[in-house]
>>> print(open('entry.cif').read())   # mmCIF, C-alpha atoms and all ligand atoms
data_final
#
loop_
_atom_site.label_atom_id
_atom_site.label_comp_id
_atom_site.auth_asym_id
_atom_site.auth_seq_id
_atom_site.Cartn_x
_atom_site.Cartn_y
_atom_site.Cartn_z
CA MET A 11 26.33 141.16 162.06
CA ILE A 12 23.29 143.26 161.39
CA GLY A 13 22.08 145.28 158.46
CA ALA A 14 19.05 146.71 156.78
CA ALA A 15 18.79 145.62 153.14
CA GLN A 16 19.06 149.12 151.68
CA ALA A 17 22.38 149.33 149.90
CA GLY A 18 21.90 147.05 146.88
CA LYS A 19 19.14 145.85 144.60
CA PRO A 20 15.92 144.57 146.21
CA VAL A 21 15.88 140.75 146.40
CA THR A 22 13.01 138.42 147.12
CA ILE A 23 11.90 134.78 147.22
CA THR A 24 10.23 133.75 143.96
CA GLY A 25 10.00 129.97 144.50
CA LEU A 26 9.62 127.70 147.51
CA GLY A 27 9.73 123.92 147.86
CA ALA A 28 10.02 121.40 150.67
CA HIS A 29 10.47 117.67 150.97
CA VAL A 30 10.44 115.18 153.84
CA PRO A 31 11.12 111.43 153.76
CA GLU A 32 8.12 109.15 153.58
CA ARG A 33 8.73 107.20 156.77
CA VAL A 34 6.87 108.57 159.82
CA VAL A 35 8.38 107.62 163.18
CA THR A 36 6.10 108.15 166.16
CA ASN A 37 7.09 108.75 169.76
CA ASP A 38 5.79 105.28 170.60
CA GLU A 39 8.16 103.78 168.05
CA LEU A 40 11.11 105.62 169.64
CA SER A 41 10.12 104.27 173.03
CA GLN A 42 11.07 100.84 171.66
CA HIS A 43 14.67 102.09 171.26
CA VAL A 44 15.11 104.15 174.44
CA ASP A 45 13.47 104.62 177.84
CA THR A 46 11.01 107.37 176.93
CA SER A 47 7.28 107.83 176.34
CA ASP A 48 4.91 109.64 174.03
CA GLU A 49 3.66 111.64 177.03
CA TRP A 50 7.16 112.83 178.06
CA ILE A 51 8.12 113.84 174.51
CA ARG A 52 4.85 115.68 173.83
CA GLU A 53 4.89 117.53 177.16
CA ARG A 54 8.55 118.57 177.05
CA THR A 55 8.88 119.27 173.33
CA GLY A 56 5.51 119.30 171.56
CA ILE A 57 6.78 116.68 169.10
CA ARG A 58 4.33 113.93 168.09
CA GLU A 59 6.26 112.38 165.21
CA ARG A 60 9.13 112.98 162.81
CA ARG A 61 10.22 111.81 159.35
CA ILE A 62 13.29 109.58 159.04
CA ALA A 63 15.22 109.06 155.81
CA ALA A 64 15.45 105.59 154.27
CA PRO A 65 18.91 103.97 154.41
CA GLU A 66 19.55 104.75 150.74
CA GLU A 67 18.49 108.41 151.05
CA ALA A 68 21.11 111.14 151.52
CA LEU A 69 20.64 114.88 151.85
CA SER A 70 20.75 115.51 148.10
CA ASP A 71 17.84 113.06 147.65
CA LEU A 72 15.71 115.19 149.97
CA ALA A 73 17.01 118.49 148.58
CA LEU A 74 16.42 117.63 144.92
CA PRO A 75 12.59 117.44 144.98
CA ALA A 76 12.47 120.56 147.20
CA ALA A 77 14.72 122.41 144.76
CA ARG A 78 12.73 121.24 141.72
CA GLU A 79 9.53 122.56 143.27
CA ALA A 80 11.18 125.90 144.11
CA LEU A 81 12.39 126.21 140.50
CA ARG A 82 8.96 125.27 139.17
CA GLN A 83 7.27 127.92 141.30
CA ALA A 84 9.80 130.53 140.20
CA GLY A 85 9.24 129.51 136.59
CA VAL A 86 12.95 128.95 135.93
CA GLU A 87 15.18 126.09 134.83
CA GLY A 88 18.25 124.75 136.59
CA SER A 89 20.35 126.35 133.86
CA ASP A 90 19.02 129.79 134.94
CA ILE A 91 20.57 129.42 138.39
CA ASP A 92 24.05 130.88 138.90
CA LEU A 93 24.46 130.29 142.64
CA VAL A 94 23.62 127.22 144.75
CA ILE A 95 24.10 127.31 148.52
CA VAL A 96 23.21 124.27 150.64
CA ALA A 97 23.04 124.88 154.38
CA THR A 98 23.58 121.62 156.25
CA VAL A 99 25.61 119.76 158.85
CA THR A 100 24.84 116.42 157.18
CA PRO A 101 25.96 116.75 153.55
CA ASP A 102 26.04 113.57 151.44
CA MET A 103 29.80 113.51 152.21
CA ALA A 104 32.53 116.00 153.19
CA PHE A 105 33.34 116.54 149.52
CA PRO A 106 32.21 116.98 146.85
CA SER A 107 29.74 119.43 148.37
CA THR A 108 26.05 118.63 148.23
CA GLY A 109 25.70 122.02 146.56
CA ALA A 110 27.85 120.85 143.65
CA LEU A 111 25.97 117.53 143.42
CA LEU A 112 22.64 119.33 143.45
CA ALA A 113 23.74 121.87 140.84
CA ASP A 114 24.73 118.99 138.59
CA ALA A 115 21.43 117.15 139.11
CA LEU A 116 19.51 120.33 138.26
CA GLY A 117 21.58 121.21 135.22
CA ALA A 118 22.87 124.40 136.85
CA THR A 119 26.12 124.15 134.93
CA ASP A 120 26.97 127.86 135.26
CA ALA A 121 26.42 128.03 139.00
CA ALA A 122 28.87 128.54 141.84
CA ALA A 123 27.89 125.82 144.31
CA TYR A 124 28.92 125.04 147.88
CA ASP A 125 27.79 123.95 151.35
CA LEU A 126 27.56 126.12 154.41
CA SER A 127 27.71 124.97 158.04
CA ALA A 128 26.00 127.01 160.72
CA GLY A 129 24.08 124.30 162.60
CA CYS A 130 20.32 124.71 162.68
CA THR A 131 20.84 128.40 161.75
CA GLY A 132 22.32 127.38 158.41
CA PHE A 133 19.33 128.39 156.30
CA MET A 134 19.35 131.92 157.76
CA TYR A 135 23.06 132.30 157.03
CA ALA A 136 22.56 130.95 153.51
CA LEU A 137 19.64 133.33 152.87
CA ALA A 138 21.79 136.27 153.94
CA GLN A 139 24.67 135.13 151.69
CA GLY A 140 22.37 134.61 148.73
CA TYR A 141 20.79 138.00 149.34
CA GLY A 142 24.21 139.66 149.57
CA MET A 143 25.48 138.12 146.32
CA LEU A 144 22.36 139.14 144.42
CA ALA A 145 22.14 142.61 145.92
CA ALA A 146 25.78 143.21 144.99
CA GLY A 147 25.23 141.99 141.44
CA LEU A 148 27.54 138.95 141.74
CA ALA A 149 24.72 136.54 140.95
CA ARG A 150 21.37 136.86 139.20
CA ARG A 151 19.40 133.90 140.50
CA ALA A 152 20.24 131.83 143.58
CA LEU A 153 18.97 128.52 144.86
CA VAL A 154 19.22 128.44 148.65
CA VAL A 155 18.63 125.07 150.30
CA GLY A 156 18.39 124.17 153.98
CA GLY A 157 18.26 120.53 154.92
CA ASP A 158 19.60 117.80 157.14
CA VAL A 159 19.49 114.06 157.68
CA LEU A 160 20.21 114.30 161.39
CA SER A 161 19.01 110.74 161.95
CA ARG A 162 22.42 109.68 160.58
CA ILE A 163 24.35 111.39 163.39
CA LEU A 164 22.03 110.57 166.30
CA ASP A 165 22.88 107.99 168.91
CA TRP A 166 19.84 105.71 168.78
CA THR A 167 20.49 104.75 172.42
CA ASP A 168 20.56 108.35 173.76
CA ARG A 169 17.06 109.46 174.72
CA SER A 170 18.16 113.03 175.42
CA THR A 171 18.83 113.70 171.71
CA LEU A 172 17.09 110.92 169.76
CA VAL A 173 13.56 112.17 170.43
CA LEU A 174 14.20 115.74 169.28
CA PHE A 175 15.28 115.55 165.65
CA GLY A 176 13.94 114.57 162.23
CA ASP A 177 14.98 114.70 158.57
CA GLY A 178 13.84 117.11 155.85
CA ALA A 179 14.84 119.83 153.41
CA GLY A 180 13.48 123.02 151.90
CA ALA A 181 14.61 125.29 149.10
CA VAL A 182 13.97 128.80 147.84
CA VAL A 183 14.84 130.67 144.66
CA LEU A 184 16.09 134.23 145.20
CA GLU A 185 15.78 136.82 142.47
CA ALA A 186 15.84 140.58 142.08
CA ALA A 187 12.53 142.19 143.00
CA PRO A 188 10.93 145.44 141.78
CA ASP A 189 10.87 146.86 145.31
CA ASP A 190 9.94 144.77 148.37
CA GLY A 191 11.55 141.53 149.54
CA PHE A 192 14.27 141.25 152.17
CA LEU A 193 14.37 144.18 154.59
CA GLY A 194 17.22 143.16 156.90
CA PHE A 195 19.28 140.44 158.59
CA GLU A 196 20.88 139.84 161.96
CA LEU A 197 23.37 136.97 162.35
CA GLY A 198 25.62 135.96 165.23
CA ALA A 199 27.81 133.23 166.67
CA ASP A 200 29.22 132.34 170.07
CA GLY A 201 31.85 129.63 169.71
CA ALA A 202 32.45 129.68 173.46
CA GLY A 203 29.15 127.84 173.82
CA GLY A 204 30.01 125.39 171.04
CA ALA A 205 30.39 122.34 173.28
CA SER A 206 26.74 122.65 174.38
CA LEU A 207 25.74 121.12 171.05
CA TRP A 208 28.45 119.38 169.08
CA LEU A 209 29.63 116.41 167.05
CA PRO A 210 33.09 115.56 168.42
CA GLY A 211 35.21 113.43 166.12
CA SER A 212 33.53 114.57 162.92
CA GLY A 213 36.46 116.60 161.60
CA SER A 214 40.21 117.11 161.87
CA ARG A 215 40.28 117.48 165.69
CA LEU A 216 41.24 114.13 167.21
CA PHE A 217 39.29 112.89 170.20
CA GLU A 218 40.15 109.95 172.39
CA GLU A 219 36.78 108.33 171.94
CA PRO A 220 35.18 109.76 168.83
CA ASP A 221 31.76 108.31 168.19
CA ARG A 222 30.37 110.75 165.62
CA PHE A 223 27.08 111.27 167.44
CA VAL A 224 25.41 114.52 168.45
CA LYS A 225 26.13 115.51 172.06
CA MET A 226 24.00 118.12 173.74
CA ASN A 227 23.53 119.89 177.04
CA GLY A 228 19.78 120.32 176.67
CA ARG A 229 19.30 122.79 179.50
CA GLU A 230 22.10 125.08 178.31
CA VAL A 231 20.78 125.03 174.75
CA PHE A 232 17.26 125.71 176.04
CA LYS A 233 18.47 128.84 177.90
CA PHE A 234 20.49 130.00 174.90
CA ALA A 235 17.60 129.40 172.49
CA THR A 236 14.99 131.28 174.49
CA ARG A 237 17.37 134.25 174.83
CA VAL A 238 18.57 134.56 171.23
CA LEU A 239 15.19 133.99 169.59
CA VAL A 240 13.99 137.12 171.36
CA ASP A 241 17.18 139.23 171.14
CA SER A 242 17.83 138.52 167.46
CA ALA A 243 14.24 139.22 166.43
CA GLU A 244 14.17 142.47 168.39
CA ALA A 245 17.50 143.55 166.91
CA VAL A 246 16.47 143.08 163.28
CA LEU A 247 13.09 144.73 163.85
CA GLU A 248 14.74 147.73 165.46
CA ARG A 249 17.34 148.07 162.70
CA CYS A 250 14.60 147.98 160.07
CA GLY A 251 12.35 150.36 162.01
CA VAL A 252 9.52 147.84 162.15
CA ALA A 253 7.24 147.30 165.17
CA ILE A 254 6.55 143.78 166.39
CA GLU A 255 2.80 144.44 165.94
CA ASP A 256 3.40 144.73 162.21
CA VAL A 257 4.78 141.19 161.88
CA ASP A 258 2.13 139.08 160.13
CA VAL A 259 3.92 135.72 160.06
CA TYR A 260 6.54 134.59 162.59
CA VAL A 261 8.66 131.60 161.57
CA PRO A 262 10.94 130.56 164.43
CA HIS A 263 13.32 127.61 164.28
CA GLN A 264 11.35 124.49 165.11
CA ALA A 265 13.26 122.92 168.00
CA ASN A 266 10.73 122.69 170.79
CA VAL A 267 7.23 124.10 171.26
CA ARG A 268 8.19 125.34 174.73
CA ILE A 269 11.07 127.38 173.29
CA ILE A 270 8.77 128.81 170.60
CA ASP A 271 6.02 129.63 173.15
CA HIS A 272 8.53 131.38 175.38
CA ALA A 273 9.86 133.55 172.54
CA THR A 274 6.38 134.28 171.19
CA LYS A 275 5.13 135.49 174.57
CA LYS A 276 8.24 137.55 175.27
CA LEU A 277 8.06 139.17 171.84
CA GLY A 278 4.30 139.72 172.17
CA ILE A 279 3.34 137.99 168.91
CA PRO A 280 -0.24 136.61 168.82
CA SER A 281 -0.18 132.82 168.57
CA ASP A 282 -2.17 132.74 165.31
CA ARG A 283 0.79 134.46 163.59
CA VAL A 284 3.27 131.77 164.67
CA VAL A 285 4.10 128.90 162.31
CA ILE A 286 4.60 125.55 164.02
CA ASN A 287 5.46 122.21 162.45
CA VAL A 288 7.78 120.75 165.08
CA ASP A 289 4.85 118.57 166.18
CA ARG A 290 4.95 116.73 162.83
CA TYR A 291 8.62 116.96 161.84
CA GLY A 292 10.63 117.40 165.04
CA ASN A 293 13.73 119.57 164.71
CA THR A 294 14.85 119.26 161.09
CA SER A 295 17.86 121.55 161.66
CA SER A 296 18.56 123.60 158.52
CA GLY A 297 15.33 122.29 156.98
CA SER A 298 13.19 123.71 159.75
CA ILE A 299 12.53 127.25 158.51
CA PRO A 300 11.98 126.52 154.80
CA LEU A 301 9.68 123.61 155.73
CA ALA A 302 7.73 125.98 157.98
CA LEU A 303 7.54 128.61 155.21
CA ALA A 304 6.09 125.96 152.88
CA ASP A 305 3.50 125.04 155.51
CA ALA A 306 2.54 128.69 156.03
CA GLU A 307 2.10 129.16 152.30
CA ALA A 308 0.03 125.99 152.05
CA ASP A 309 -2.30 127.09 154.88
CA GLY A 310 -2.80 130.51 153.24
CA ARG A 311 -0.94 132.64 155.78
CA LEU A 312 1.92 133.63 153.47
CA ARG A 313 0.50 136.02 150.90
CA PRO A 314 1.98 138.94 149.00
CA GLY A 315 2.38 141.98 151.25
CA LYS A 316 2.72 140.00 154.48
CA LEU A 317 5.60 140.92 156.76
CA VAL A 318 7.55 137.79 157.65
CA LEU A 319 10.01 137.42 160.53
CA MET A 320 12.24 134.31 160.61
CA THR A 321 14.69 133.46 163.37
CA GLY A 322 16.94 130.43 163.59
CA MET A 323 19.35 129.25 166.27
CA GLY A 324 21.54 126.22 166.75
CA ALA A 325 24.98 124.67 166.91
CA GLY A 326 27.95 126.99 166.88
CA LEU A 327 26.32 128.35 168.85
CA THR A 328 24.72 130.46 166.15
CA TRP A 329 21.61 132.50 165.56
CA GLY A 330 20.12 134.52 162.74
CA SER A 331 17.04 136.51 161.75
CA ALA A 332 15.65 137.79 158.49
CA LEU A 333 12.81 140.22 158.00
CA MET A 334 11.06 140.35 154.64
CA ARG A 335 7.98 141.55 152.86
CA TRP A 336 6.54 138.44 151.13
CA THR A 337 6.06 139.09 147.42
CA LYS A 338 5.36 135.68 145.95
CA ALA A 339 1.82 134.54 145.13
CA ALA A 340 1.00 130.95 146.18
CA ALA A 341 1.68 128.54 143.31
C1 LIG B 401 16.11 118.42 175.82
C2 LIG B 401 14.92 119.02 176.54
C3 LIG B 401 13.63 118.70 175.81
C4 LIG B 401 14.84 118.43 177.92
O1 LIG B 401 13.73 118.97 178.61
P1 LIG B 401 13.89 119.45 180.11
O2 LIG B 401 12.55 119.86 180.59
O3 LIG B 401 15.01 120.46 180.15
O4 LIG B 401 14.29 118.11 180.81
P2 LIG B 401 15.57 117.83 181.69
O5 LIG B 401 16.80 117.84 180.85
O6 LIG B 401 15.51 118.75 182.88
O7 LIG B 401 15.29 116.35 182.13
C5 LIG B 401 14.23 116.05 182.99
C6 LIG B 401 14.25 114.55 183.22
O8 LIG B 401 13.80 113.87 182.05
C7 LIG B 401 14.74 112.88 181.67
N1 LIG B 401 14.73 112.75 180.23
C8 LIG B 401 15.54 113.33 179.31
N2 LIG B 401 15.18 112.96 178.07
C9 LIG B 401 14.14 112.10 178.22
C10 LIG B 401 13.34 111.41 177.32
N3 LIG B 401 13.50 111.47 175.98
N4 LIG B 401 12.33 110.66 177.81
C11 LIG B 401 12.11 110.56 179.12
N5 LIG B 401 12.85 111.21 180.04
C12 LIG B 401 13.85 111.98 179.58
C13 LIG B 401 16.06 113.39 182.21
O9 LIG B 401 16.97 112.32 182.37
C14 LIG B 401 15.64 113.99 183.50
O10 LIG B 401 15.50 112.98 184.48
P3 LIG B 401 16.00 113.21 186.00
O11 LIG B 401 15.15 114.37 186.49
O12 LIG B 401 15.69 111.92 186.63
O13 LIG B 401 17.44 113.57 185.86
C15 LIG B 401 15.07 120.56 176.67
O14 LIG B 401 16.13 120.87 177.54
C16 LIG B 401 15.34 121.22 175.34
O15 LIG B 401 14.50 121.26 174.46
N6 LIG B 401 16.54 121.80 175.16
C17 LIG B 401 16.91 122.43 173.91
C18 LIG B 401 17.29 121.38 172.91
C19 LIG B 401 17.37 121.92 171.51
O16 LIG B 401 16.53 122.67 171.10
N7 LIG B 401 18.39 121.52 170.76
C20 LIG B 401 18.57 121.85 169.41
C21 LIG B 401 18.82 123.29 169.20
S1 LIG B 401 18.97 123.66 167.51
#
>>> encode(input="entry.cif", output="structure tokens", more="lines below")
Ligand SMILES: CC(C)(COP(=O)(O)OP(=O)(O)OC[C@H]1O[C@@H](n2cnc3c(N)ncnc32)[C@H](O)[C@@H]1OP(=O)(O)O)[C@@H](O)C(=O)NCCC(=O)NCCS
Amino acid sequence: MIGAAQAGKPVTITGLGAHVPERVVTNDELSQHVDTSDEWIRERTGIRERRIAAPEEALSDLALPAAREALRQAGVEGSDIDLVIVATVTPDMAFPSTGALLADALGATDAAAYDLSAGCTGFMYALAQGYGMLAAGLARRALVVGGDVLSRILDWTDRSTLVLFGDGAGAVVLEAAPDDGFLGFELGADGAGGASLWLPGSGSRLFEEPDRFVKMNGREVFKFATRVLVDSAEAVLERCGVAIEDVDVYVPHQANVRIIDHATKKLGIPSDRVVINVDRYGNTSSGSIPLALADAEADGRLRPGKLVLMTGMGAGLTWGSALMRWTKAAA
């Protein structure tokens, strides 16, 4: 699916918030659980540490402070929100949705609220949905959240997955804009590759030995990721008639520094325009891109007028890009 955002009303991000759990887990600490080392993890992934949720913390506990900050920045109350979308593969529970729980906690009593599952690409899918509902006039103000507590579904004896992921959440408020804002989206899925990154036994399909832990073919996912980060970004840029040189801030999904470096070089984006936080947070799945946006705003790179390219990829297999002109002043 691809489209330039020309048909409906202009829509933009007016508030942005992010939240990570307090507990920092270093590579050295993980090497007490599995046969790995700080050197291996840093060289192969660029990750130095990640945040891990406390036992009593669920996704909504991470999403709530992120959402409150996004609302504060947008200058709106929970009751002003009429759409809540939470992108995640680790909701508090299968139902009620974390979206409904969050809407309740925020006082968004008039909001439609639900969860969306598109692996680590979830936030990009949710942004596109939120955009579409606002552009079409179905909603006036959306809260779009991306977050995961992947530590809950990791096998703490499997070094091939344990070292890669972390927990965190981010949130944005979407509202109508005078002119600029989202310029276009490209989203895709390839279910044939689904078993390269999956959670067998987590739904209605019965498995002989379900264990509810993430299973991954790292090399296959690596090849997929390096391909789609480039293809998806090029597709959305072409559809919007924008040259890669014009991209001021590139926010790729934060899975692995090597994957990001590969895509950045292939696309020809100067490294000072690339946002990286995988070193501090690991792969936070749906939280990755909003957390990176918050970092880029904090370090002064995201300013009104800047052209921002975001691309996510993950389980499904799925991928998705959004191109937007940043309109929000730092709060
Ligand atoms: C997982 C990943 C980091 C592995 O890096 P890699 O360079 O491909 O490493 P390989 O899988 O070839 O493994 C190399 C060796 O390191 C070992 N190894 C794997 N994980 C290890 C770890 N945490 N610590 C130490 N050694 C490890 C392997 O067993 C292998 O040993 P062998 O050569 O004796 O068989 C990389 O494939 C990757 O990032 N893939 C994409 C994952 C991803 O992004 N997933 C989420 C997408 S949203």
>>> axis_aligned_box(input="entry.cif", around="ligand LIG 401 (chain B)", padding_each_side="4 Å", output="JSON")
{"center_x": 15.5, "center_y": 117.1, "center_z": 177.1, "size_x": 14.9, "size_y": 21.1, "size_z": 27.1}
>>> atom_distance(input="entry.cif", atom1="atom CA of Ile12 of chain A", atom2="atom CA of Ser206 of chain A")
24.6 Å
>>> residues_near_ligand(input="entry.cif", ligand="ligand LIG 401 (chain B)", cutoff="7 Å", atoms="all atoms listed in the file", output="PyMOL selection string")
chain A and resi 45-47+50-51+54-55+130+169-171+173+228-229+231-232+235+265-266+295+323-325
>>> atom_distance(input="entry.cif", atom1="atom CA of Gly27 of chain A", atom2="atom CA of Pro314 of chain A")
16.9 Å
>>> atom_distance(input="entry.cif", atom1="atom CA of Ala186 of chain A", atom2="atom CA of Pro20 of chain A")
5.7 Å
>>> closest_residue(input="entry.cif", among="A:Leu164, A:Val285, A:Leu333, A:Val259", to="Arg313 of chain A", atoms="only C-alpha atoms")
A:Val259
>>> residues_around(input="entry.cif", residues="Gly132 of chain A", least_positions_apart="2", cutoff="10 Å", atoms="all atoms listed in the file", output="short mmCIF file (atom, residue, chain, number, x, y, z; two decimals) with C-alpha atoms, in the frame of the given file")
data_model
loop_
_atom_site.label_atom_id
_atom_site.label_comp_id
_atom_site.auth_asym_id
_atom_site.auth_seq_id
_atom_site.Cartn_x
_atom_site.Cartn_y
_atom_site.Cartn_z
CA VAL A 96 23.21 124.27 150.64
CA ALA A 97 23.04 124.88 154.38
CA THR A 98 23.58 121.62 156.25
CA VAL A 99 25.61 119.76 158.85
CA ASP A 125 27.79 123.95 151.35
CA LEU A 126 27.56 126.12 154.41
CA SER A 127 27.71 124.97 158.04
CA ALA A 128 26.00 127.01 160.72
CA GLY A 129 24.08 124.30 162.60
CA CYS A 130 20.32 124.71 162.68
CA MET A 134 19.35 131.92 157.76
CA TYR A 135 23.06 132.30 157.03
CA ALA A 136 22.56 130.95 153.51
CA LEU A 137 19.64 133.33 152.87
CA ALA A 138 21.79 136.27 153.94
CA VAL A 155 18.63 125.07 150.30
CA GLY A 156 18.39 124.17 153.98
CA GLY A 157 18.26 120.53 154.92
CA SER A 295 17.86 121.55 161.66
CA SER A 296 18.56 123.60 158.52
CA GLY A 297 15.33 122.29 156.98
CA SER A 298 13.19 123.71 159.75
CA ILE A 299 12.53 127.25 158.51
CA GLY A 322 16.94 130.43 163.59
CA MET A 323 19.35 129.25 166.27
CA GLY A 324 21.54 126.22 166.75
CA ALA A 325 24.98 124.67 166.91
CA THR A 328 24.72 130.46 166.15
CA TRP A 329 21.61 132.50 165.56
CA GLY A 330 20.12 134.52 162.74
#
>>> closest_atom_pairs(input="entry.cif", of="segment 240-275 of chain A", to="segment 189-198 of chain A", cutoff="12 Å", atoms="all atoms listed in the file", output="CSV")
residue,atom,partner,partner_atom,distance
A:Val240,CA,A:Glu196,CA,12.0
A:Asp241,CA,A:Glu196,CA,9.9
A:Ser242,CA,A:Glu196,CA,6.4
A:Ala243,CA,A:Glu196,CA,8.0
A:Glu244,CA,A:Glu196,CA,9.7
A:Ala245,CA,A:Glu196,CA,7.0
A:Val246,CA,A:Glu196,CA,5.6
A:Leu247,CA,A:Gly194,CA,8.2
A:Glu248,CA,A:Gly194,CA,10.0
A:Arg249,CA,A:Gly194,CA,7.6
A:Cys250,CA,A:Gly194,CA,6.3
A:Gly251,CA,A:Leu193,CA,9.9
A:Val252,CA,A:Leu193,CA,9.7
>>> write_last_selection(input="entry.cif", atoms="C-alpha atoms", output="PDB file, keeping the file's coordinate frame")
ATOM      1  CA  VAL A 240      13.990 137.120 171.360  1.00  0.00           C
ATOM      2  CA  ASP A 241      17.180 139.230 171.140  1.00  0.00           C
ATOM      3  CA  SER A 242      17.830 138.520 167.460  1.00  0.00           C
ATOM      4  CA  ALA A 243      14.240 139.220 166.430  1.00  0.00           C
ATOM      5  CA  GLU A 244      14.170 142.470 168.390  1.00  0.00           C
ATOM      6  CA  ALA A 245      17.500 143.550 166.910  1.00  0.00           C
ATOM      7  CA  VAL A 246      16.470 143.080 163.280  1.00  0.00           C
ATOM      8  CA  LEU A 247      13.090 144.730 163.850  1.00  0.00           C
ATOM      9  CA  GLU A 248      14.740 147.730 165.460  1.00  0.00           C
ATOM     10  CA  ARG A 249      17.340 148.070 162.700  1.00  0.00           C
ATOM     11  CA  CYS A 250      14.600 147.980 160.070  1.00  0.00           C
ATOM     12  CA  GLY A 251      12.350 150.360 162.010  1.00  0.00           C
ATOM     13  CA  VAL A 252       9.520 147.840 162.150  1.00  0.00           C
TER      14      VAL A 252
END
>>> residues_around(input="entry.cif", residues="Leu153 of chain A", least_positions_apart="3", cutoff="9 Å", atoms="all atoms listed in the file", output="mmCIF file with C-alpha atoms, in the frame of the given file")
data_model
loop_
_atom_site.group_PDB
_atom_site.id
_atom_site.type_symbol
_atom_site.label_atom_id
_atom_site.label_comp_id
_atom_site.auth_asym_id
_atom_site.auth_seq_id
_atom_site.Cartn_x
_atom_site.Cartn_y
_atom_site.Cartn_z
ATOM 1 C CA ALA A 77 14.720 122.410 144.760
ATOM 2 C CA ALA A 80 11.180 125.900 144.110
ATOM 3 C CA LEU A 81 12.390 126.210 140.500
ATOM 4 C CA ILE A 91 20.570 129.420 138.390
ATOM 5 C CA ASP A 92 24.050 130.880 138.900
ATOM 6 C CA LEU A 93 24.460 130.290 142.640
ATOM 7 C CA VAL A 94 23.620 127.220 144.750
ATOM 8 C CA ILE A 95 24.100 127.310 148.520
ATOM 9 C CA VAL A 96 23.210 124.270 150.640
ATOM 10 C CA GLY A 140 22.370 134.610 148.730
ATOM 11 C CA ALA A 181 14.610 125.290 149.100
ATOM 12 C CA VAL A 182 13.970 128.800 147.840
ATOM 13 C CA VAL A 183 14.840 130.670 144.660
ATOM 14 C CA LEU A 184 16.090 134.230 145.200
#
>>> residues_around(input="entry.cif", residues="Gly25 of chain A", least_positions_apart="3", cutoff="12 Å", atoms="all atoms listed in the file", output="number ranges by chain")
A: 22, 28, 76-87, 151-155, 180-185, 300, 303-304, 307, 336-341
>>> residues_near_point(input="entry.cif", point="(3.0, 117.6, 174.4)", cutoff="12 Å", atoms="all atoms listed in the file", output="MDAnalysis selection string")
chainID A and resid 37 47:59 266:268 288:290
>>> write_last_selection(input="entry.cif", atoms="C-alpha atoms", output="PDB file, in the frame of the given file")
ATOM      1  CA  ASN A  37       7.090 108.750 169.760  1.00  0.00           C
ATOM      2  CA  SER A  47       7.280 107.830 176.340  1.00  0.00           C
ATOM      3  CA  ASP A  48       4.910 109.640 174.030  1.00  0.00           C
ATOM      4  CA  GLU A  49       3.660 111.640 177.030  1.00  0.00           C
ATOM      5  CA  TRP A  50       7.160 112.830 178.060  1.00  0.00           C
ATOM      6  CA  ILE A  51       8.120 113.840 174.510  1.00  0.00           C
ATOM      7  CA  ARG A  52       4.850 115.680 173.830  1.00  0.00           C
ATOM      8  CA  GLU A  53       4.890 117.530 177.160  1.00  0.00           C
ATOM      9  CA  ARG A  54       8.550 118.570 177.050  1.00  0.00           C
ATOM     10  CA  THR A  55       8.880 119.270 173.330  1.00  0.00           C
ATOM     11  CA  GLY A  56       5.510 119.300 171.560  1.00  0.00           C
ATOM     12  CA  ILE A  57       6.780 116.680 169.100  1.00  0.00           C
ATOM     13  CA  ARG A  58       4.330 113.930 168.090  1.00  0.00           C
ATOM     14  CA  GLU A  59       6.260 112.380 165.210  1.00  0.00           C
ATOM     15  CA  ASN A 266      10.730 122.690 170.790  1.00  0.00           C
ATOM     16  CA  VAL A 267       7.230 124.100 171.260  1.00  0.00           C
ATOM     17  CA  ARG A 268       8.190 125.340 174.730  1.00  0.00           C
ATOM     18  CA  VAL A 288       7.780 120.750 165.080  1.00  0.00           C
ATOM     19  CA  ASP A 289       4.850 118.570 166.180  1.00  0.00           C
ATOM     20  CA  ARG A 290       4.950 116.730 162.830  1.00  0.00           C
TER      21      ARG A 290
END
>>> residues_around(input="entry.cif", residues="Ala302 of chain A", least_positions_apart="5", cutoff="7 Å", atoms="only C-alpha atoms", output="PyMOL selection string")
chain A and resi 261+285-287
>>> closest_residue(input="entry.cif", among="A:Gly326, A:Pro220, A:Gly142, A:Gly203", to="Ala14 of chain A", atoms="all atoms listed in the file")
A:Gly142
>>> closest_residue(input="entry.cif", among="A:Ala308, A:Ala179, A:Leu207, A:Leu319", to="Leu277 of chain A", atoms="all atoms listed in the file")
A:Leu319
>>> closest_residue(input="entry.cif", among="A:Val34, A:Leu160, A:Leu116, A:Ala64", to="Thr100 of chain A", atoms="all atoms listed in the file")
A:Leu160
>>> closest_residue(input="entry.cif", among="A:Lys19, A:His263, A:Arg60, A:Arg237", to="Ala149 of chain A", atoms="only C-alpha atoms")
A:Lys19
>>> decode(input="entry.cif", residues="segment 184-195 of chain A", atoms="C-alpha atoms", output="PDB file, in the first residue's frame")
ATOM      1  CA  LEU A 184      -2.268  13.706  15.625  1.00  0.00           C
ATOM      2  CA  GLU A 185      -4.345  16.725  14.674  1.00  0.00           C
ATOM      3  CA  ALA A 186      -5.370  18.629  11.575  1.00  0.00           C
ATOM      4  CA  ALA A 187      -2.662  20.991  10.361  1.00  0.00           C
ATOM      5  CA  PRO A 188      -2.928  24.247   8.376  1.00  0.00           C
ATOM      6  CA  ASP A 189      -0.840  22.827   5.537  1.00  0.00           C
ATOM      7  CA  ASP A 190       2.258  20.653   6.126  1.00  0.00           C
ATOM      8  CA  GLY A 191       2.475  17.421   8.105  1.00  0.00           C
ATOM      9  CA  PHE A 192       2.273  13.919   6.652  1.00  0.00           C
ATOM     10  CA  LEU A 193       3.223  13.736   2.981  1.00  0.00           C
ATOM     11  CA  GLY A 194       2.860  10.005   2.287  1.00  0.00           C
ATOM     12  CA  PHE A 195       2.995   6.408   3.505  1.00  0.00           C
TER      13      PHE A 195
END
